[in-house]
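Structure file target.pdb (PDB, C-alpha atoms) follows.
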```
MODEL        1
ATOM      1  CA  ASN A   1       0.000   0.000   0.000
ATOM      2  CA  ARG A   2       2.986   2.321   0.333
ATOM      3  CA  ASN A   3       3.016   3.186  -3.349
ATOM      4  CA  GLN A   4      -0.102   5.205  -2.611
ATOM      5  CA  TYR A   5       1.823   7.629  -0.417
ATOM      6  CA  LEU A   6       3.132  10.952  -1.646
ATOM      7  CA  GLU A   7       6.752  11.170  -0.529
ATOM      8  CA  VAL A   8       8.144  14.483   0.706
ATOM      9  CA  ASP A   9      11.861  14.527   1.470
ATOM     10  CA  VAL A  10      11.822  17.330   4.032
ATOM     11  CA  VAL A  11      12.545  17.908   7.688
ATOM     12  CA  ALA A  12      11.011  20.395  10.103
ATOM     13  CA  GLU A  13      11.744  21.641  13.576
ATOM     14  CA  ALA A  14       9.099  21.429  16.296
ATOM     15  CA  GLY A  15       6.738  24.391  16.317
ATOM     16  CA  THR A  16       6.889  25.193  12.599
ATOM     17  CA  PRO A  17       3.604  25.343  10.692
ATOM     18  CA  ALA A  18       4.716  23.092   7.837
ATOM     19  CA  PRO A  19       7.692  20.982   6.730
ATOM     20  CA  THR A  20      10.481  23.003   5.089
ATOM     21  CA  PRO A  21      13.183  21.636   2.752
ATOM     22  CA  ALA A  22      16.483  20.842   4.437
ATOM     23  CA  PRO A  23      19.167  18.157   4.326
ATOM     24  CA  THR A  24      18.488  15.473   6.898
ATOM     25  CA  PRO A  25      20.039  12.217   8.097
ATOM     26  CA  GLU A  26      18.331   8.969   7.245
ATOM     27  CA  PRO A  27      15.161   9.055   9.364
ATOM     28  CA  SER A  28      13.908   6.179  11.454
ATOM     29  CA  SER A  29      10.371   4.899  10.945
ATOM     30  CA  PHE A  30      10.565   2.494  13.901
ATOM     31  CA  PHE A  31       9.804   5.032  16.614
ATOM     32  CA  PRO A  32       6.176   4.490  17.659
ATOM     33  CA  CYS A  33       5.182   8.111  17.972
ATOM     34  CA  PHE A  34       3.427  11.243  16.852
ATOM     35  CA  SER A  35       5.224  14.298  15.510
ATOM     36  CA  SER A  36       5.600  17.529  17.445
ATOM     37  CA  GLU A  37       2.993  19.165  15.182
ATOM     38  CA  THR A  38       0.183  16.692  15.897
ATOM     39  CA  LEU A  39      -2.644  18.378  17.826
ATOM     40  CA  VAL A  40      -4.402  17.131  20.955
ATOM     41  CA  GLU A  41      -7.462  18.627  22.665
ATOM     42  CA  THR A  42      -6.806  19.223  26.369
ATOM     43  CA  GLN A  43      -9.533  19.787  28.926
ATOM     44  CA  HIS A  44      -8.059  22.872  30.566
ATOM     45  CA  ARG A  45      -5.561  24.312  28.091
ATOM     46  CA  GLY A  46      -7.377  23.894  24.787
ATOM     47  CA  PRO A  47      -5.751  22.397  21.669
ATOM     48  CA  LEU A  48      -2.006  21.845  22.052
ATOM     49  CA  ARG A  49       0.808  20.437  19.954
ATOM     50  CA  MET A  50       2.425  17.237  21.164
ATOM     51  CA  ASP A  51       5.565  19.109  22.197
ATOM     52  CA  GLN A  52       3.460  21.307  24.509
ATOM     53  CA  LEU A  53       1.965  18.420  26.483
ATOM     54  CA  LYS A  54       3.142  17.253  29.889
ATOM     55  CA  ILE A  55       2.362  14.485  32.358
ATOM     56  CA  GLY A  56      -0.780  15.489  34.255
ATOM     57  CA  ASP A  57      -2.550  17.097  31.283
ATOM     58  CA  THR A  58      -6.082  15.790  30.724
ATOM     59  CA  VAL A  59      -6.724  15.055  27.051
ATOM     60  CA  LEU A  60      -9.640  13.940  24.886
ATOM     61  CA  VAL A  61      -9.358  10.188  24.361
ATOM     62  CA  ASP A  62     -12.436   8.922  22.518
ATOM     63  CA  GLU A  63     -15.710   9.486  20.712
ATOM     64  CA  ARG A  64     -17.643   9.594  24.005
ATOM     65  CA  GLY A  65     -16.042  12.905  24.904
ATOM     66  CA  ARG A  66     -14.018  11.441  27.781
ATOM     67  CA  TYR A  67     -10.899  13.183  29.041
ATOM     68  CA  GLU A  68      -8.118  11.252  30.752
ATOM     69  CA  THR A  69      -4.842  12.165  32.405
ATOM     70  CA  ILE A  70      -1.543  11.612  30.629
ATOM     71  CA  TYR A  71       0.394   9.518  33.157
ATOM     72  CA  SER A  72       3.535   8.897  31.106
ATOM     73  CA  PHE A  73       5.221   9.261  27.720
ATOM     74  CA  GLY A  74       6.627   6.317  25.801
ATOM     75  CA  HIS A  75       8.726   8.873  23.933
ATOM     76  CA  PHE A  76       9.276  12.492  24.912
ATOM     77  CA  ASP A  77      11.771  14.316  22.706
ATOM     78  CA  LYS A  78      11.934  17.528  24.713
ATOM     79  CA  ASP A  79      14.529  19.231  22.532
ATOM     80  CA  SER A  80      13.264  17.746  19.236
ATOM     81  CA  THR A  81      16.595  16.142  18.365
ATOM     82  CA  ILE A  82      15.273  12.860  16.944
ATOM     83  CA  THR A  83      14.535  12.695  13.217
ATOM     84  CA  ALA A  84      11.755  10.316  12.237
ATOM     85  CA  ALA A  85       9.617   9.457   9.223
ATOM     86  CA  PHE A  86       5.887  10.104   9.610
ATOM     87  CA  LEU A  87       2.720   9.547   7.635
ATOM     88  CA  GLN A  88       0.689  12.737   7.382
ATOM     89  CA  ILE A  89      -2.911  11.539   7.177
ATOM     90  CA  SER A  90      -5.858  13.688   6.119
ATOM     91  CA  THR A  91      -9.563  12.893   5.888
ATOM     92  CA  SER A  92     -12.380  14.907   4.349
ATOM     93  CA  LYS A  93     -12.969  16.556   7.747
ATOM     94  CA  ALA A  94      -9.557  16.507   9.438
ATOM     95  CA  SER A  95      -5.955  17.060   8.446
ATOM     96  CA  GLY A  96      -2.496  17.222   9.941
ATOM     97  CA  LEU A  97      -2.249  13.943  11.863
ATOM     98  CA  GLU A  98       1.430  12.971  11.691
ATOM     99  CA  ILE A  99       2.069   9.452  12.935
ATOM    100  CA  THR A 100       4.843   6.906  12.483
ATOM    101  CA  PRO A 101       3.945   3.931  10.250
ATOM    102  CA  ASN A 102       4.026   1.397  13.086
ATOM    103  CA  HIS A 103       1.783   3.401  15.438
ATOM    104  CA  PHE A 104      -1.874   2.393  15.770
ATOM    105  CA  LEU A 105      -4.981   4.365  14.902
ATOM    106  CA  PHE A 106      -8.593   3.224  14.791
ATOM    107  CA  MET A 107     -10.510   2.225  11.686
ATOM    108  CA  ASN A 108     -14.223   1.669  11.199
ATOM    109  CA  GLY A 109     -15.451  -0.737  13.879
ATOM    110  CA  ASN A 110     -12.982   0.629  16.459
ATOM    111  CA  LYS A 111     -10.266  -1.675  15.125
ATOM    112  CA  ALA A 112      -6.742  -0.569  16.021
ATOM    113  CA  VAL A 113      -4.350  -1.024  13.076
ATOM    114  CA  PRO A 114      -0.847   0.193  12.178
ATOM    115  CA  ALA A 115      -0.912   3.476  10.274
ATOM    116  CA  SER A 116       1.189   1.811   7.556
ATOM    117  CA  THR A 117      -1.791  -0.379   6.616
ATOM    118  CA  ILE A 118      -4.152   2.562   6.091
ATOM    119  CA  THR A 119      -4.818   3.450   2.450
ATOM    120  CA  VAL A 120      -6.672   6.262   0.717
ATOM    121  CA  GLY A 121     -10.387   5.489   0.832
ATOM    122  CA  ASP A 122     -10.267   3.731   4.225
ATOM    123  CA  GLU A 123     -12.646   4.834   6.974
ATOM    124  CA  VAL A 124     -11.091   5.965  10.279
ATOM    125  CA  MET A 125     -12.731   6.730  13.632
ATOM    126  CA  MET A 126     -13.261  10.389  14.457
ATOM    127  CA  ALA A 127     -13.739  12.185  17.774
ATOM    128  CA  SER A 128     -17.385  12.652  16.848
ATOM    129  CA  GLY A 129     -17.978   8.892  16.893
ATOM    130  CA  GLU A 130     -18.497   8.866  13.135
ATOM    131  CA  THR A 131     -16.075   7.535  10.553
ATOM    132  CA  ASP A 132     -14.460   9.641   7.859
ATOM    133  CA  THR A 133     -12.717   8.777   4.608
ATOM    134  CA  VAL A 134      -8.951   9.110   4.244
ATOM    135  CA  ILE A 135      -8.283  11.365   1.249
ATOM    136  CA  SER A 136      -4.485  11.651   1.360
ATOM    137  CA  ILE A 137      -1.425  10.065   2.945
ATOM    138  CA  THR A 138       1.897  11.859   2.643
ATOM    139  CA  GLN A 139       5.312  10.668   3.802
ATOM    140  CA  ILE A 140       7.221  13.415   5.608
ATOM    141  CA  THR A 141      10.210  13.762   7.907
ATOM    142  CA  ARG A 142      10.294  15.814  11.086
ATOM    143  CA  ARG A 143      12.397  16.277  14.189
ATOM    144  CA  GLY A 144      10.660  15.509  17.463
ATOM    145  CA  ILE A 145       8.847  12.349  18.607
ATOM    146  CA  PHE A 146       6.151  12.054  21.274
ATOM    147  CA  ALA A 147       3.966   9.212  22.564
ATOM    148  CA  PRO A 148       1.630  10.123  25.438
ATOM    149  CA  PHE A 149       0.109   7.296  27.490
ATOM    150  CA  THR A 150      -3.455   7.518  28.812
ATOM    151  CA  PRO A 151      -5.286   4.998  31.061
ATOM    152  CA  SER A 152      -7.532   3.782  28.222
ATOM    153  CA  GLY A 153      -4.631   3.586  25.773
ATOM    154  CA  THR A 154      -6.396   5.920  23.334
ATOM    155  CA  ILE A 155      -6.055   9.593  22.420
ATOM    156  CA  VAL A 156      -7.740  11.869  19.871
ATOM    157  CA  THR A 157      -5.129  13.377  17.547
ATOM    158  CA  ASN A 158      -6.165  16.009  14.991
ATOM    159  CA  GLY A 159      -9.733  14.801  15.420
ATOM    160  CA  ILE A 160      -8.839  11.143  14.704
ATOM    161  CA  LYS A 161      -8.940   8.436  17.367
ATOM    162  CA  SER A 162      -5.480   6.930  17.840
ATOM    163  CA  SER A 163      -3.803   4.452  20.173
ATOM    164  CA  SER A 164      -1.020   4.995  22.673
ATOM    165  CA  PHE A 165       0.673   1.881  21.324
ATOM    166  CA  ALA A 166       2.382   0.481  18.249
ATOM    167  CA  THR A 167       3.563  -2.717  16.622
ATOM    168  CA  VAL A 168       7.205  -3.818  16.557
ATOM    169  CA  GLN A 169       6.548  -6.166  13.637
ATOM    170  CA  GLU A 170       6.122  -4.286  10.365
ATOM    171  CA  ASP A 171       2.489  -3.828   9.258
ATOM    172  CA  SER A 172       1.346  -6.416  11.809
ATOM    173  CA  ARG A 173      -1.704  -5.797  13.964
ATOM    174  CA  TYR A 174      -1.230  -9.043  15.894
ATOM    175  CA  VAL A 175       1.756 -10.377  17.822
ATOM    176  CA  SER A 176       3.446 -13.085  15.766
ATOM    177  CA  LEU A 177       5.820 -15.707  17.205
ATOM    178  CA  ASN A 178       8.066 -17.411  14.658
ATOM    179  CA  GLY A 179       5.524 -16.861  11.914
ATOM    180  CA  ILE A 180       2.594 -18.040  14.043
ATOM    181  CA  THR A 181       0.032 -15.289  14.581
ATOM    182  CA  THR A 182      -1.387 -15.074  18.099
ATOM    183  CA  PRO A 183      -4.902 -13.762  18.845
ATOM    184  CA  ILE A 184      -3.401 -10.852  20.822
ATOM    185  CA  THR A 185      -3.064  -7.454  19.170
ATOM    186  CA  TYR A 186      -0.258  -5.062  20.008
ATOM    187  CA  HIS A 187      -2.848  -2.576  21.274
ATOM    188  CA  GLN A 188      -4.183  -5.191  23.722
ATOM    189  CA  LEU A 189      -0.645  -6.177  24.707
ATOM    190  CA  GLY A 190       0.232  -2.556  25.415
ATOM    191  CA  LEU A 191      -2.821  -2.144  27.639
ATOM    192  CA  VAL A 192      -2.083  -5.159  29.854
ATOM    193  CA  TYR A 193       1.681  -4.569  29.904
ATOM    194  CA  GLU A 194       1.166  -1.018  31.178
ATOM    195  CA  SER A 195      -1.080  -2.155  34.059
ATOM    196  CA  PRO A 196       1.576  -2.028  36.839
ATOM    197  CA  HIS A 197       2.963   1.286  35.586
ATOM    198  CA  ARG A 198      -0.519   2.757  35.108
ATOM    199  CA  LEU A 199      -1.663   1.677  38.578
ATOM    200  CA  PHE A 200       1.466   3.119  40.212
ATOM    201  CA  CYS A 201       1.009   6.460  38.453
ATOM    202  CA  HIS A 202      -2.687   6.565  39.375
ATOM    203  CA  PHE A 203      -1.711   6.837  43.043
ATOM    204  CA  TRP A 204       1.643   8.606  42.661
ATOM    205  CA  LEU A 205       1.233  10.781  39.568
ATOM    206  CA  HIS A 206       3.505  13.491  40.968
ATOM    207  CA  HIS A 207       6.297  10.941  41.357
ATOM    208  CA  CYS A 208       5.813   9.771  37.759
ATOM    209  CA  ALA A 209       5.831  13.363  36.484
ATOM    210  CA  THR A 210       8.899  14.290  38.507
ATOM    211  CA  TYR A 211      11.121  11.255  38.051
ATOM    212  CA  GLU A 212      10.303   9.830  34.610
ATOM    213  CA  THR A 213      13.483   9.901  32.514
ATOM    214  CA  TYR A 214      14.263   9.264  28.857
ATOM    215  CA  ASN A 215      17.278   7.807  27.070
ATOM    216  CA  GLU A 216      19.192   9.188  24.080
ATOM    217  CA  GLU A 217      16.391   7.981  21.802
ATOM    218  CA  ALA A 218      13.856   9.943  23.886
ATOM    219  CA  MET A 219      12.361   6.644  25.116
ATOM    220  CA  SER A 220      11.187   6.397  28.732
ATOM    221  CA  GLN A 221      12.873   3.995  31.125
ATOM    222  CA  TRP A 222       9.508   2.211  31.493
ATOM    223  CA  VAL A 223       9.663   1.284  27.796
ATOM    224  CA  ALA A 224      13.340   1.049  26.820
ATOM    225  CA  MET A 225      14.500  -2.093  28.666
ATOM    226  CA  PRO A 226      11.235  -4.064  28.228
ATOM    227  CA  SER A 227      11.354  -3.271  24.495
ATOM    228  CA  LYS A 228      14.815  -4.819  24.214
ATOM    229  CA  GLY A 229      13.634  -7.822  26.183
ATOM    230  CA  PHE A 230      10.604  -8.271  23.937
ATOM    231  CA  GLN A 231      12.752  -8.057  20.803
ATOM    232  CA  TRP A 232      14.958 -10.796  22.286
ATOM    233  CA  LEU A 233      11.846 -12.911  22.981
ATOM    234  CA  LEU A 234      10.681 -12.581  19.371
ATOM    235  CA  ASP A 235      14.050 -13.914  18.174
ATOM    236  CA  GLN A 236      13.727 -17.171  20.158
ATOM    237  CA  ASN A 237      12.303 -20.471  18.902
ATOM    238  CA  ILE A 238       8.557 -21.049  19.155
ATOM    239  CA  VAL A 239       8.791 -23.134  22.358
ATOM    240  CA  VAL A 240      10.820 -20.581  24.303
ATOM    241  CA  SER A 241       8.997 -17.537  22.912
ATOM    242  CA  GLY A 242       5.572 -19.148  23.347
ATOM    243  CA  VAL A 243       6.103 -20.164  26.978
ATOM    244  CA  LEU A 244       7.612 -16.814  27.940
ATOM    245  CA  PHE A 245       5.103 -14.718  26.005
ATOM    246  CA  PHE A 246       1.930 -16.367  27.274
ATOM    247  CA  GLY A 247       3.366 -16.593  30.791
ATOM    248  CA  LEU A 248       4.037 -12.864  30.821
ATOM    249  CA  VAL A 249       0.650 -12.070  29.291
ATOM    250  CA  GLY A 250      -1.034 -14.162  31.983
ATOM    251  CA  PHE A 251       0.880 -12.294  34.684
ATOM    252  CA  TRP A 252       0.052  -8.873  33.205
ATOM    253  CA  CYS A 253      -3.614  -9.829  32.752
ATOM    254  CA  THR A 254      -3.792 -10.770  36.432
ATOM    255  CA  ILE A 255      -2.414  -7.358  37.414
ATOM    256  CA  ASN A 256      -4.813  -5.750  34.923
ATOM    257  CA  ILE A 257      -7.775  -7.429  36.650
ATOM    258  CA  VAL A 258      -6.496  -6.281  40.050
ATOM    259  CA  GLU A 259      -6.101  -2.769  38.649
ATOM    260  CA  MET A 260      -9.694  -2.719  37.376
ATOM    261  CA  MET A 261     -11.002  -4.040  40.694
ATOM    262  CA  ILE A 262      -9.144  -1.334  42.634
ATOM    263  CA  LEU A 263     -10.092   1.539  40.341
ATOM    264  CA  ASN A 264     -13.642   0.358  39.653
ATOM    265  CA  PRO A 265     -15.143  -1.530  42.628
ATOM    266  CA  LEU A 266     -18.194  -2.506  40.557
ATOM    267  CA  PHE A 267     -15.881  -4.607  38.392
ATOM    268  CA  ALA A 268     -15.068  -6.667  41.491
ATOM    269  CA  VAL A 269     -18.726  -7.618  42.114
ATOM    270  CA  PRO A 270     -18.788 -10.629  39.712
ATOM    271  CA  PHE A 271     -15.566 -11.981  41.250
ATOM    272  CA  VAL A 272     -16.939 -11.563  44.779
ATOM    273  CA  LEU A 273     -20.173 -13.321  43.797
ATOM    274  CA  LEU A 274     -18.197 -16.110  42.125
ATOM    275  CA  ALA A 275     -16.030 -16.605  45.217
ATOM    276  CA  PHE A 276     -19.138 -16.622  47.425
ATOM    277  CA  GLY A 277     -20.830 -19.154  45.149
ATOM    278  CA  VAL A 278     -17.798 -21.456  45.189
ATOM    279  CA  SER A 279     -17.538 -21.278  48.982
ATOM    280  CA  GLN A 280     -21.241 -22.082  49.358
ATOM    281  CA  LEU A 281     -20.927 -25.019  46.955
ATOM    282  CA  ARG A 282     -18.009 -26.427  48.944
ATOM    283  CA  ARG A 283     -19.995 -26.039  52.161
ATOM    284  CA  VAL A 284     -22.927 -27.953  50.676
ATOM    285  CA  LYS A 285     -20.606 -30.723  49.465
ATOM    286  CA  LYS A 286     -19.099 -31.077  52.933
ATOM    287  CA  LYS A 287     -22.560 -31.395  54.500
ATOM    288  CA  VAL A 288     -23.576 -34.056  51.972
ATOM    289  CA  ALA A 289     -20.363 -35.975  52.589
TER
ENDMDL
END
```
For this file, write the structure as structure tokens.
Amino acid sequence: NRNQYLEVDVVAEAGTPAPTPAPTPEPSSFFPCFSSETLVETQHRGPLRMDQLKIGDTVLVDERGRYETIYSFGHFDKDSTITAAFLQISTSKASGLEITPNHFLFMNGNKAVPASTITVGDEVMMASGETDTVISITQITRRGIFAPFTPSGTIVTNGIKSSSFATVQEDSRYVSLNGITTPITYHQLGLVYESPHRLFCHFWLHHCATYETYNEEAMSQWVAMPSKGFQWLLDQNIVVSGVLFFGLVGFWCTINIVEMMILNPLFAVPFVLLAFGVSQLRRVKKKVA
């Protein structure tokens, strides 16, 4: 689908209204991010560029008009030193979304897919809850990469519903182990993996805002080492990668359930009722015996 893109060999600094011609090093398209120019609607400060956001800002995250707090950044290129390749995606009603090819956005049916798989004519989810048709996709290069994390893992960018997460396997929506596709998407994996971090920041947001650090690639310490570990896992044989992957997913899912029970007590009701039912059943069995 990439032959449908209009390529623009340009680079721009953060805060400029449009890309301007300039020599640039070979850009990376791996960084799962948005550009500095991508716009986000905040609850208290109005529309802001990505490079103006900070941990603690409340941003529009979905078509229901919900605002959530940014608790972390996967990438935060404060000085806009990182050069990356972006897809500039426009619909008939929105323009200016600049997103790396491996980052997820939502298509018709609320399906999270890598931006690289979107083609002209596809329908994407809008902040209004409606879908809109993609009318152009342009390849550009900019300096500055940003990836805000929200509790739901979604964020509205230039009016289009996007994900906080990305794939590390080119054009792949699902996690694949040695050529075997699992039923788990990278968006789902990102949500459960972030559970411990998200829960910690829910109670100690000030600590997260004060002490979060980023490496030379502008990647947070919460993401950098686990990313290397996951890349190592993907390189292993199917037995090793399968056991480790599904073991980790099971562990993260358990923490995710605990997180939901703590933050939403109503979610715990079915589990409490189930535990009560099991205890009553055991009591009846003992009496019969």
Next item on the list: Provide the CA of Gly250 (chain A) to CA of Phe165 (chain A) distance in Å, to one decimal place.
Entry: 19.3 Å
Next item on the list: Please write the residues picked by the PyMOL selection byres ((chain A and resi 66-82) around 9) on this file as a VMD selection string.
Entry: chain A and resid 13 to 14 27 to 28 31 to 33 36 42 to 43 51 53 to 65 83 to 84 142 to 152 155 164 to 165 197 to 198 201 to 202 205 208 to 209 212 214 216 to 224
Note to self: Can you tell me which residues surround region 89-100 of chain A at a distance of at most 10 Å, considering all atoms listed in the file, apart from same-chain residues fewer than 6 positions away, and format the answer as a PyMOL selection string?
What the structure shows: chain A and resi 5+18+28-40+114-116+118-124+126+131-142+145-147+156-160+162+166
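The space separating CA of Tyr193 (chain A) from CA of Asn256 (chain A) comes to 8.3 Å.
Nearest-residue note for Val243 (chain A): choosing from A:Leu177, A:Ile184, A:Ala112, A:Leu274, the minimum distance belongs to A:Leu177, counting only C-alpha atoms.
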Next item on the list: Quick one: pull the distance between CA of His187 (chain A) and CA of Phe106 (chain A), Å, one decimal.
Entry: 10.4 Å
Next item on the list: Determine the residue set returned by the PyMOL selection byres ((chain A and resi 178) around 7) for the present structure, and present it as a list of chain:residue names.
Entry: A:Ser176, A:Leu177, A:Gly179, A:Ile180, A:Asn237, A:Ile238
Item checked: All residues 6 Å or closer to Thr167 (chain A), all atoms listed in the file, same chain fewer than 2 positions away omitted, as an NGL selection string -> :A and (102 or 169 or 186)
Can I get the selection written as a PDB file, keeping the file's coordinate frame, with C-alpha atoms?
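Just written: out.pdb:
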```
ATOM      1  CA  ASN A 102       4.026   1.397  13.086  1.00  0.00           C
ATOM      2  CA  GLN A 169       6.548  -6.166  13.637  1.00  0.00           C
ATOM      3  CA  TYR A 186      -0.258  -5.062  20.008  1.00  0.00           C
TER       4      TYR A 186
END
```
Checklist line | Non-local contacts of Ile257 (chain A) (12 Å; all atoms listed in the file; under 3 positions in same chain excluded) as JSON, numbers by chain | finding: {"A": [191, 192, 193, 195, 196, 199, 250, 251, 252, 253, 254, 260, 261, 262, 263, 264, 265, 267, 268, 270, 271]}
